[in-house]
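Shown next: query12.txt, given as compact mmCIF, C-alpha atoms.
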# COMPACT_ATOMS: atom_id res chain seq x y z
CA MET W 1 72.32 98.25 105.12
CA ALA W 2 71.34 101.91 105.39
CA SER W 3 69.24 101.17 108.47
CA ALA W 4 72.04 99.22 110.14
CA ILE W 5 74.50 102.06 109.59
CA PHE W 6 72.42 105.20 110.11
CA ALA W 7 69.99 104.05 112.82
CA PRO W 8 72.68 104.13 115.56
CA LEU W 9 73.81 107.54 114.30
CA ALA W 10 70.25 108.90 114.42
CA THR W 11 69.78 107.47 117.92
CA ALA W 12 72.98 109.15 119.11
CA VAL W 13 71.85 112.50 117.69
CA ILE W 14 68.43 112.19 119.36
CA PHE W 15 69.90 111.43 122.77
CA ALA W 16 72.43 114.25 122.36
CA MET W 17 69.64 116.72 121.60
CA LEU W 18 67.62 115.51 124.59
CA ALA W 19 70.62 115.89 126.87
CA SER W 20 71.27 119.37 125.46
CA TYR W 21 67.66 120.38 126.08
CA ILE W 22 67.72 119.14 129.68
CA LEU W 23 70.99 120.98 130.37
CA SER W 24 69.61 124.19 128.83
CA ARG W 25 66.67 124.10 131.26
CA THR W 26 68.55 123.08 134.39
CA LEU W 27 72.32 123.52 134.53
CA VAL W 28 72.76 126.51 132.22
CA PRO W 29 70.33 128.88 134.04
CA THR W 30 71.86 127.91 137.38
CA MET W 31 75.39 128.62 136.15
CA VAL W 32 74.27 131.94 134.63
CA MET W 33 72.73 133.01 137.95
CA TYR W 34 75.95 132.41 139.83
CA LEU W 35 78.67 133.07 137.25
CA LEU W 36 77.21 136.15 135.46
CA ARG W 37 75.87 137.92 138.52
CA LYS W 38 78.65 140.52 138.43
CA GLU W 39 77.58 141.62 134.93
CA LEU W 40 74.07 142.69 135.99
CA PRO W 41 75.18 146.23 137.02
CA ILE W 42 76.69 146.67 133.55
CA TYR W 43 73.34 146.13 131.87
CA HIS W 44 71.54 148.23 134.50
CA ALA W 45 73.93 151.09 133.83
CA GLN W 46 73.24 151.06 130.09
CA GLU W 47 70.95 153.74 128.77
CA GLU W 48 67.61 152.49 127.60
CA GLU W 49 68.21 153.99 124.16
CA GLU W 50 71.43 152.06 123.65
CA VAL W 51 69.98 148.71 122.65
CA PRO W 52 67.35 149.98 120.19
CA SER W 53 69.84 152.38 118.58
CA ALA W 54 72.37 149.58 118.19
CA TYR W 55 69.72 147.47 116.55
CA PHE W 56 68.17 149.92 114.18
CA ARG W 57 70.43 152.96 113.63
CA ASN W 58 73.24 152.33 111.21
CA GLY W 59 73.78 155.69 109.63
CA ARG W 60 70.61 155.68 107.53
CA ALA W 61 67.06 156.92 107.71
CA ILE W 62 64.68 154.82 109.82
CA SER W 63 61.34 153.90 108.29
CA GLN W 64 58.04 154.12 110.17
CA GLY W 65 57.89 150.33 110.52
CA GLU W 66 61.37 150.27 112.00
CA ARG W 67 60.46 153.10 114.41
CA ASP W 68 57.46 151.13 115.61
CA LEU W 69 59.59 148.05 116.03
CA ALA W 70 62.19 150.12 117.90
CA ARG W 71 59.50 151.42 120.20
CA LEU W 72 58.42 147.87 121.01
CA HIS W 73 62.01 146.92 121.75
CA ARG W 74 62.40 150.00 123.94
CA GLU W 75 59.33 149.14 125.95
CA GLN W 76 60.52 145.58 126.41
CA PHE W 77 63.96 146.86 127.40
CA GLU W 78 62.43 149.22 129.99
CA LYS W 79 60.40 146.34 131.35
CA ASP W 80 63.37 143.98 131.64
CA HIS W 81 65.91 146.61 132.78
CA PRO W 82 64.73 149.18 135.33
CA SER W 83 66.49 152.47 135.84
CA GLY W 84 69.18 150.71 137.79
CA THR W 85 69.19 152.99 140.86
CA PRO W 86 71.11 151.80 143.91
CA GLU W 87 67.83 151.26 145.76
CA GLU W 88 66.42 149.00 143.05
CA GLU W 89 69.73 147.16 142.72
CA ALA W 90 69.75 146.67 146.48
CA GLU W 91 66.30 145.14 146.25
CA GLN W 92 67.74 142.65 143.76
CA GLY W 93 70.62 141.88 146.14
CA ILE W 94 73.36 143.67 144.17
CA THR W 95 76.05 145.03 146.48
CA ASP W 96 78.52 147.88 146.00
CA ALA W 97 81.33 145.38 145.58
CA GLU W 98 79.48 143.73 142.72
CA ARG W 99 78.92 147.12 141.07
CA GLU W 100 82.63 147.86 141.30
CA ALA W 101 83.42 144.41 139.92
CA GLY W 102 81.06 145.09 137.01
CA LYS W 103 82.94 148.31 136.18
CA ALA W 104 86.22 146.40 136.25
CA ILE W 105 84.82 143.78 133.89
CA THR W 106 84.16 146.39 131.20
CA GLN W 107 87.89 147.15 131.05
CA THR W 108 88.99 143.59 130.36
CA TRP W 109 89.85 142.14 126.95
CA VAL W 110 87.22 139.42 127.42
CA TRP W 111 84.49 142.05 127.61
CA ARG W 112 85.86 143.84 124.54
CA ILE W 113 85.70 140.57 122.59
CA HIS W 114 82.18 140.03 123.90
CA THR W 115 80.95 143.47 122.83
CA GLY W 116 82.70 143.15 119.46
CA PHE W 117 81.03 139.83 118.82
CA GLU W 118 77.63 141.21 119.86
CA HIS W 119 78.07 144.19 117.55
CA GLY W 120 79.00 141.97 114.63
CA PHE W 121 76.16 139.56 115.34
CA GLU W 122 73.58 142.36 115.53
CA LYS W 123 74.91 143.79 112.28
CA PHE W 124 74.60 140.40 110.60
CA ARG W 125 71.08 139.94 111.99
CA HIS W 126 70.08 143.36 110.75
CA GLY W 127 71.41 142.52 107.27
CA TYR W 128 69.58 139.20 107.27
CA LYS W 129 66.38 140.97 108.33
CA GLY W 130 66.72 143.42 105.46
CA ALA W 131 67.34 140.63 102.95
CA LEU W 132 64.34 138.73 104.26
CA GLN W 133 62.10 141.79 103.96
CA TRP W 134 63.33 142.34 100.38
CA ALA W 135 62.65 138.69 99.48
CA LEU W 136 59.13 138.86 100.92
CA GLY W 137 58.51 142.05 98.96
CA ASN W 138 59.75 140.49 95.67
CA ARG W 139 58.33 137.01 95.87
CA ARG W 140 57.92 136.40 92.15
CA LEU W 141 61.48 137.38 91.39
CA VAL W 142 62.85 135.19 94.21
CA VAL W 143 60.79 132.16 93.21
CA SER W 144 61.79 132.57 89.55
CA ALA W 145 65.50 132.86 90.43
CA PHE W 146 65.27 129.77 92.65
CA ALA W 147 63.56 127.78 89.87
CA VAL W 148 66.26 128.79 87.35
CA LEU W 149 69.01 127.87 89.81
CA PHE W 150 67.40 124.52 90.61
CA ILE W 151 66.84 123.55 86.98
CA GLY W 152 70.34 124.71 86.03
CA SER W 153 71.93 122.64 88.79
CA LEU W 154 70.39 119.50 87.28
CA GLY W 155 72.91 119.85 84.46
CA LEU W 156 75.70 119.07 86.95
CA PHE W 157 74.23 115.65 87.75
CA PRO W 158 76.37 113.73 85.19
CA LEU W 159 79.52 115.28 86.73
CA ILE W 160 78.73 114.21 90.31
CA GLY W 161 80.30 110.98 91.47
CA GLN W 162 78.18 108.33 93.12
CA ASN W 163 79.26 106.00 95.88
CA PHE W 164 77.72 104.32 98.89
CA PHE W 165 80.40 105.83 101.12
CA PRO W 166 82.88 108.61 100.34
CA THR W 167 86.36 107.53 99.39
CA VAL W 168 88.84 107.60 102.26
CA ASP W 169 92.27 108.95 101.30
CA ALA W 170 94.42 106.94 103.71
CA GLY W 171 97.63 107.42 101.70
CA GLN W 172 97.83 103.72 100.85
CA LEU W 173 97.62 101.71 97.62
CA ARG W 174 96.96 98.01 97.23
CA LEU W 175 97.59 96.85 93.68
CA HIS W 176 97.05 93.24 92.62
CA VAL W 177 99.04 92.06 89.60
CA ARG W 178 98.45 88.81 87.72
CA VAL W 179 100.89 87.86 84.96
CA PRO W 180 100.02 85.19 82.34
CA THR W 181 99.25 81.93 84.09
CA GLY W 182 102.03 79.38 84.19
CA THR W 183 104.77 81.98 84.61
CA ARG W 184 107.51 80.91 86.98
CA VAL W 185 108.01 82.94 90.13
CA GLU W 186 111.38 84.24 88.88
CA GLU W 187 109.77 85.73 85.78
CA THR W 188 106.88 87.03 87.86
CA GLU W 189 109.38 88.95 89.97
CA GLU W 190 110.77 90.66 86.85
CA ARG W 191 107.28 91.71 85.77
CA PHE W 192 106.62 93.10 89.24
CA LYS W 193 109.73 95.23 88.88
CA GLN W 194 108.22 96.74 85.73
CA VAL W 195 105.00 97.56 87.57
CA GLU W 196 106.92 99.01 90.48
CA LYS W 197 108.83 101.24 88.06
CA VAL W 198 105.55 102.68 86.77
CA ILE W 199 104.41 103.33 90.35
CA ARG W 200 107.61 105.26 91.10
CA GLU W 201 107.18 107.27 87.90
CA VAL W 202 103.67 108.37 88.87
CA ILE W 203 104.15 108.97 92.60
CA PRO W 204 106.97 111.43 93.46
CA ALA W 205 109.84 109.95 95.45
CA LYS W 206 109.40 112.51 98.24
CA GLU W 207 105.87 111.20 98.87
CA LEU W 208 106.69 107.46 98.86
CA ASP W 209 107.28 105.81 102.20
CA LEU W 210 107.27 102.05 101.51
CA VAL W 211 106.70 99.73 98.52
CA LEU W 212 106.25 96.06 99.40
CA ASP W 213 105.80 93.16 96.92
CA ASN W 214 104.13 89.91 97.97
CA ILE W 215 104.51 87.33 95.19
CA GLY W 216 103.11 83.82 95.04
CA LEU W 217 101.62 81.58 97.68
CA PRO W 218 103.17 80.78 101.04
CA VAL W 219 104.02 77.22 102.04
CA VAL W 220 100.86 76.98 104.13
CA PRO W 221 98.22 79.27 102.58
CA ILE W 222 95.94 79.24 105.61
CA ASN W 223 96.38 82.96 106.22
CA LEU W 224 95.31 83.74 102.64
CA LEU W 225 92.11 81.74 103.11
CA LEU W 226 91.12 84.09 105.92
CA SER W 227 91.73 87.28 103.93
CA ASP W 228 90.50 88.97 100.76
CA ASN W 229 93.70 88.25 98.83
CA PRO W 230 92.87 86.68 95.42
CA THR W 231 96.37 85.22 94.89
CA ILE W 232 96.07 81.75 93.36
CA GLY W 233 99.61 80.83 92.27
CA ALA W 234 103.18 81.81 91.50
CA SER W 235 101.99 84.19 88.76
CA ASP W 236 100.01 86.25 91.25
CA GLY W 237 100.88 88.84 93.83
CA GLU W 238 100.10 92.24 95.22
CA ILE W 239 102.01 95.47 95.73
CA LEU W 240 101.42 97.48 98.88
CA VAL W 241 102.32 101.18 98.67
CA SER W 242 102.41 103.45 101.71
CA MET W 243 102.81 107.20 101.24
CA LYS W 244 103.98 109.84 103.66
CA GLU W 245 101.65 112.15 105.53
CA GLU W 246 102.14 114.97 103.03
CA HIS W 247 101.06 113.40 99.74
CA GLY W 248 98.93 114.13 96.73
CA PRO W 249 95.43 112.78 96.07
CA THR W 250 95.53 108.99 96.11
CA GLY W 251 92.62 108.67 93.68
CA GLU W 252 94.46 110.57 90.95
CA TYR W 253 97.56 108.42 91.42
CA ILE W 254 95.44 105.28 91.08
CA ASN W 255 93.90 106.51 87.82
CA ASP W 256 97.31 107.41 86.37
CA ILE W 257 98.89 104.08 87.37
CA ARG W 258 95.95 102.11 85.98
CA ARG W 259 96.05 103.96 82.66
CA LYS W 260 99.83 103.58 82.19
CA LEU W 261 99.82 99.88 83.08
CA HIS W 262 97.01 99.14 80.62
CA GLN W 263 98.87 101.00 77.89
CA GLU W 264 102.38 99.64 78.47
CA TYR W 265 101.61 96.11 79.71
CA PRO W 266 98.27 94.96 78.24
CA ASP W 267 99.06 91.30 79.02
CA LEU W 268 98.89 91.96 82.76
CA THR W 269 95.70 91.71 84.78
CA VAL W 270 95.84 94.68 87.14
CA PHE W 271 93.23 95.81 89.64
CA PHE W 272 93.22 97.87 92.81
CA GLN W 273 91.86 96.53 96.08
CA PRO W 274 90.74 98.54 99.12
CA ALA W 275 93.77 99.43 101.23
CA ASP W 276 92.04 101.18 104.16
CA ILE W 277 90.02 99.51 106.90
CA VAL W 278 86.81 101.39 106.01
CA ASN W 279 86.48 100.05 102.47
CA GLN W 280 87.73 96.60 103.49
CA THR W 281 84.92 96.42 106.04
CA LEU W 282 82.31 97.62 103.54
CA ASN W 283 83.42 94.88 101.10
CA PHE W 284 82.59 92.20 103.70
CA GLY W 285 85.92 90.43 103.18
CA LEU W 286 85.66 90.26 99.38
CA PRO W 287 88.35 91.56 96.99
CA ALA W 288 85.91 93.97 95.30
CA PRO W 289 82.81 95.95 96.35
CA ILE W 290 80.70 94.23 93.67
CA ASP W 291 81.02 90.44 93.63
CA ILE W 292 79.16 88.22 91.15
CA GLN W 293 79.33 84.46 91.53
CA VAL W 294 78.46 81.92 88.83
CA THR W 295 77.83 78.39 90.09
CA GLY W 296 76.87 75.19 88.34
CA ARG W 297 78.01 71.67 87.57
CA ASP W 298 79.23 72.42 84.05
CA MET W 299 82.59 74.15 84.47
CA LYS W 300 82.86 75.11 80.81
CA ALA W 301 79.43 76.70 80.86
CA ASN W 302 80.34 78.61 84.01
CA GLN W 303 83.51 79.83 82.34
CA ARG W 304 81.59 81.00 79.27
CA VAL W 305 78.97 82.85 81.32
CA ALA W 306 81.64 84.49 83.50
CA GLY W 307 83.50 85.69 80.39
CA GLU W 308 80.33 87.20 78.89
CA LEU W 309 79.45 88.93 82.15
CA SER W 310 82.96 90.35 82.46
CA ARG W 311 82.89 91.79 78.94
CA LYS W 312 79.49 93.42 79.48
CA ILE W 313 80.29 94.75 82.94
CA LYS W 314 83.46 96.44 81.65
CA ASN W 315 81.25 98.58 79.39
CA VAL W 316 79.18 99.86 82.32
CA SER W 317 79.97 103.49 83.07
CA GLY W 318 81.85 103.91 86.33
CA VAL W 319 83.10 100.30 86.55
CA VAL W 320 86.87 99.82 86.65
CA ASP W 321 89.08 96.82 87.33
CA ALA W 322 86.55 94.18 86.30
CA PHE W 323 88.28 90.80 86.55
CA ILE W 324 87.58 87.08 86.90
CA TYR W 325 88.85 85.58 90.12
CA GLN W 326 89.61 82.09 88.80
CA ALA W 327 92.19 81.32 86.14
CA PHE W 328 90.94 78.65 83.71
CA ASP W 329 94.11 78.31 81.61
CA GLN W 330 96.53 77.04 84.23
CA PRO W 331 99.10 74.61 82.71
CA GLN W 332 98.25 71.09 83.81
CA LEU W 333 99.53 67.54 83.47
CA ARG W 334 96.96 64.78 83.17
CA LEU W 335 98.20 61.34 84.17
CA ASP W 336 96.17 58.33 83.03
CA ILE W 337 96.99 55.22 85.02
CA ASP W 338 96.74 51.73 83.60
CA ARG W 339 94.86 50.18 86.47
CA VAL W 340 95.47 46.60 85.28
CA ARG W 341 99.26 46.93 85.19
CA ALA W 342 99.22 48.87 88.46
CA GLN W 343 97.22 46.10 90.10
CA GLN W 344 99.68 43.52 88.79
CA ALA W 345 102.46 45.52 90.51
CA GLY W 346 100.48 45.62 93.72
CA LEU W 347 99.67 49.33 93.42
CA ALA W 348 96.44 51.29 93.52
CA GLN W 349 95.69 54.65 91.92
CA ARG W 350 95.72 56.19 95.39
CA ASP W 351 99.33 55.01 95.92
CA ILE W 352 100.49 56.66 92.70
CA ALA W 353 98.65 59.91 93.47
CA ASN W 354 100.10 60.10 96.98
CA ASN W 355 103.64 59.53 95.69
CA LEU W 356 103.29 62.31 93.12
CA LEU W 357 101.78 64.67 95.69
CA VAL W 358 104.60 64.11 98.17
CA ASN W 359 107.34 64.53 95.55
CA LEU W 360 105.84 67.66 93.99
CA SER W 361 104.15 69.42 96.95
CA SER W 362 105.79 67.81 100.01
CA SER W 363 104.16 65.71 102.67
CA THR W 364 102.71 68.74 104.49
CA GLN W 365 99.38 68.32 102.72
CA THR W 366 98.98 64.59 103.43
CA ASN W 367 100.91 64.05 106.64
CA PRO W 368 101.61 67.31 108.52
CA ASN W 369 104.28 66.85 111.14
CA GLN W 370 105.81 69.20 113.71
CA TRP W 371 109.17 68.97 115.44
CA LEU W 372 109.70 70.76 118.73
CA ASN W 373 113.17 72.15 119.26
CA PRO W 374 113.92 71.55 122.96
CA GLN W 375 116.50 74.35 123.03
CA ASN W 376 114.26 77.27 122.02
CA GLY W 377 110.78 75.72 122.32
CA VAL W 378 109.83 76.54 118.71
CA ASN W 379 107.77 74.19 116.51
CA TYR W 380 109.09 73.56 113.01
CA THR W 381 107.18 71.97 110.16
CA VAL W 382 108.88 68.80 108.90
CA ALA W 383 108.21 68.10 105.23
CA VAL W 384 109.56 65.51 102.79
CA GLN W 385 109.86 66.63 99.17
CA THR W 386 111.99 66.01 96.11
CA PRO W 387 114.13 69.09 95.33
CA PRO W 388 112.46 71.10 92.52
CA SER W 389 115.79 71.17 90.65
CA GLN W 390 115.47 67.40 90.11
CA LEU W 391 111.94 67.72 88.63
CA ALA W 392 112.60 70.27 85.90
CA ASN W 393 111.05 68.38 82.94
CA LEU W 394 108.54 65.66 82.13
CA ASN W 395 111.14 62.91 81.90
CA GLU W 396 112.25 63.55 85.47
CA VAL W 397 108.63 63.56 86.61
CA GLY W 398 108.21 60.18 84.89
CA ASN W 399 111.16 58.78 86.83
CA ILE W 400 109.46 59.28 90.19
CA THR W 401 109.62 56.02 92.16
CA VAL W 402 106.22 54.71 93.22
CA THR W 403 105.93 52.56 96.33
CA GLY W 404 102.91 50.78 97.65
CA PRO W 405 101.63 50.46 101.18
CA ALA W 406 103.93 48.76 103.69
CA ARG W 407 103.09 45.09 104.13
CA PRO W 408 103.77 43.20 107.38
CA ARG W 409 106.54 40.62 107.31
CA ARG W 410 105.58 37.00 107.58
CA SER W 411 107.73 34.32 109.24
CA TYR W 412 107.51 30.68 108.20
What's the structure tokens form of this structure?
Amino acid sequence: MASAIFAPLATAVIFAMLASYILSRTLVPTMVMYLLRKELPIYHAQEEEEVPSAYFRNGRAISQGERDLARLHREQFEKDHPSGTPEEEAEQGITDAEREAGKAITQTWVWRIHTGFEHGFEKFRHGYKGALQWALGNRRLVVSAFAVLFIGSLGLFPLIGQNFFPTVDAGQLRLHVRVPTGTRVEETEERFKQVEKVIREVIPAKELDLVLDNIGLPVVPINLLLSDNPTIGASDGEILVSMKEEHGPTGEYINDIRRKLHQEYPDLTVFFQPADIVNQTLNFGLPAPIDIQVTGRDMKANQRVAGELSRKIKNVSGVVDAFIYQAFDQPQLRLDIDRVRAQQAGLAQRDIANNLLVNLSSSTQTNPNQWLNPQNGVNYTVAVQTPPSQLANLNEVGNITVTGPARPRRSY
């Protein structure tokens, strides 16, 4: 993973450095020759003492070593910059117009900024040189101070956060809420209102932009199958929170909301999912950055192992929002069919199962059908289903009419 992410970055840096090196040896000298030609008389007109004094005289006594170094700089300056007489400048191709232009340049604000920057840079370089000379003259003290600083900084290691990538504060929250399984969607909506109230208590109203609740499953959950949404029923849903551009730290809001929800509503399963595209990509389409899967033929054993893992993982330092994706306590109805009596009625177990499926979940699952409206050209899903209000208890479910397969008519 590190190679796949950082190798392209390293390659880009290498090519950028190569391009910079080529430009510094080709384009930059050419542009200097043509664009800075008018500044040559300015440097020729400078006194040969000006550069060394600017380097090494700062209102203090100059040591013998500094005088020797100043002498070397003076000799190099005399070699690079001749006296600057008109004859020598003429030999270099400098005209009177260029000399006049050079004098005009010294009066501009650009040149004043240039000289001010050079003065500050030389002062900084002189200070750095002095500090470096002091460090080389006091090596034991410097090494000892560095060792103390290094060893002391190790004490900050427990306070430093660790993550594969830094957290991106996109001003968005994505909170998944799961109420006790079997709760009707109407009751789930009321519980979501309680969670939303906590969110509005933690995040100031002036920072909130939008709060959106998505509760339950859609009619055709194909879009959920292609996302990282762990919604599995009417007791599930997520809350999307978008904050304005000027907002507080999202991470602190998440910690406060998580703590208050665990204290006030311990029966809720609450966990935060990545809301920004960076963390969603790093999760590879999973609802959490760490995903552990338990597989096997024995469902009860899988459930037991998953529960033990969840309890142990919650005790790991730095782990928050540990949850089990599946819900094993969903309310269920088990129908045992008397195959003998069904066969006597001309029915098979498949006929009974299909009738129950159509009455409870519509015919979309078994026989999807589309109707095209010729007026607007829009396809509509046509589904046959018993109204939920007529299947409110077990007695009404038991009154579902069961029909067998259509048989062809015979004429005698």
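Note that the spacing between CA of Pro331 in chain W and CA of Gly182 in chain W amounts to 5.8 Å.
With distances restricted to all atoms listed in the file, W:Lys244 is the closest residue to Pro204 in chain W from W:Arg37, W:His119, W:Lys244, W:Arg174.
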Q | CA of Asn395 in chain W to CA of Gln343 in chain W, straight-line distance in Å | A | 23.3 Å
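Ranking W:Gly251, W:Phe328, W:Gln293, W:Phe15 by their shortest atom-to-atom distance to Thr167 in chain W, with all atoms listed in the file included, puts W:Gly251 first.
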Q: Please measure the separation of CA of Trp109 in chain W and CA of Met31 in chain W, giving the value in Å to one decimal.
A: 21.8 Å
(Q) Counting all atoms listed in the file, which residue out of W:Pro388, W:Pro274, W:Gly216, W:Gly346 sits closest to Val168 in chain W? (A) W:Pro274
(Q) Excluding Phe323 in chain W and its own-chain neighbours fewer than 3 positions away, which residues fall within 12 Å of it when counting all atoms listed in the file? Please give them as number ranges by chain. (A) W: 176-178, 230, 268-273, 287-288, 290-292, 306-314, 319-320, 326-327
Using C-alpha atoms, can you write the selected residues to a file as a JSON list (two decimals), in the coordinates of the input?
[["chain", "number", "residue", "atom", "x", "y", "z"],
["W", 176, "HIS", "CA", 97.05, 93.24, 92.62],
["W", 177, "VAL", "CA", 99.04, 92.06, 89.60],
["W", 178, "ARG", "CA", 98.45, 88.81, 87.72],
["W", 230, "PRO", "CA", 92.87, 86.68, 95.42],
["W", 268, "LEU", "CA", 98.89, 91.96, 82.76],
["W", 269, "THR", "CA", 95.70, 91.71, 84.78],
["W", 270, "VAL", "CA", 95.84, 94.68, 87.14],
["W", 271, "PHE", "CA", 93.23, 95.81, 89.64],
["W", 272, "PHE", "CA", 93.22, 97.87, 92.81],
["W", 273, "GLN", "CA", 91.86, 96.53, 96.08],
["W", 287, "PRO", "CA", 88.35, 91.56, 96.99],
["W", 288, "ALA", "CA", 85.91, 93.97, 95.30],
["W", 290, "ILE", "CA", 80.70, 94.23, 93.67],
["W", 291, "ASP", "CA", 81.02, 90.44, 93.63],
["W", 292, "ILE", "CA", 79.16, 88.22, 91.15],
["W", 306, "ALA", "CA", 81.64, 84.49, 83.50],
["W", 307, "GLY", "CA", 83.50, 85.69, 80.39],
["W", 308, "GLU", "CA", 80.33, 87.20, 78.89],
["W", 309, "LEU", "CA", 79.45, 88.93, 82.15],
["W", 310, "SER", "CA", 82.96, 90.35, 82.46],
["W", 311, "ARG", "CA", 82.89, 91.79, 78.94],
["W", 312, "LYS", "CA", 79.49, 93.42, 79.48],
["W", 313, "ILE", "CA", 80.29, 94.75, 82.94],
["W", 314, "LYS", "CA", 83.46, 96.44, 81.65],
["W", 319, "VAL", "CA", 83.10, 100.30, 86.55],
["W", 320, "VAL", "CA", 86.87, 99.82, 86.65],
["W", 326, "GLN", "CA", 89.61, 82.09, 88.80],
["W", 327, "ALA", "CA", 92.19, 81.32, 86.14]]
Residues within 7 Å of Ser235 in chain W, please, as a tab-separated table (two decimals) with C-alpha atoms, in the coordinates of the input. Count only C-alpha atoms; anything in the same chain fewer than 3 positions from it doesn't count.
chain	number	residue	atom	x	y	z
W	178	ARG	CA	98.45	88.81	87.72
W	179	VAL	CA	100.89	87.86	84.96
W	180	PRO	CA	100.02	85.19	82.34
W	181	THR	CA	99.25	81.93	84.09
W	182	GLY	CA	102.03	79.38	84.19
W	183	THR	CA	104.77	81.98	84.61
W	184	ARG	CA	107.51	80.91	86.98
W	185	VAL	CA	108.01	82.94	90.13
W	188	THR	CA	106.88	87.03	87.86
W	216	GLY	CA	103.11	83.82	95.04
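Taking all atoms listed in the file, the non-local environment of Val198 in chain W within 8 Å (same-chain residues fewer than 2 positions away omitted) comprises Gln194, Val195, Glu196, Arg200, Glu201, Val202, Ile257, Lys260 and Leu261 of chain W.
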Assuming 4 Å of padding per side, give the centre and edge lengths of the axis-aligned box around every listed atom of range 356-365 of chain W, in Å to one decimal and as lines of an AutoDock Vina configuration file.
center_x = 103.4
center_y = 65.9
center_z = 98.8
size_x = 16.0
size_y = 15.1
size_z = 19.4
Q) Could you pull the residues within 7 Å of Leu240 in chain W, counting all atoms listed in the file, minus those fewer than 6 positions along the same chain, as an NGL selection string? A) :W and (173-175 or 211-213)
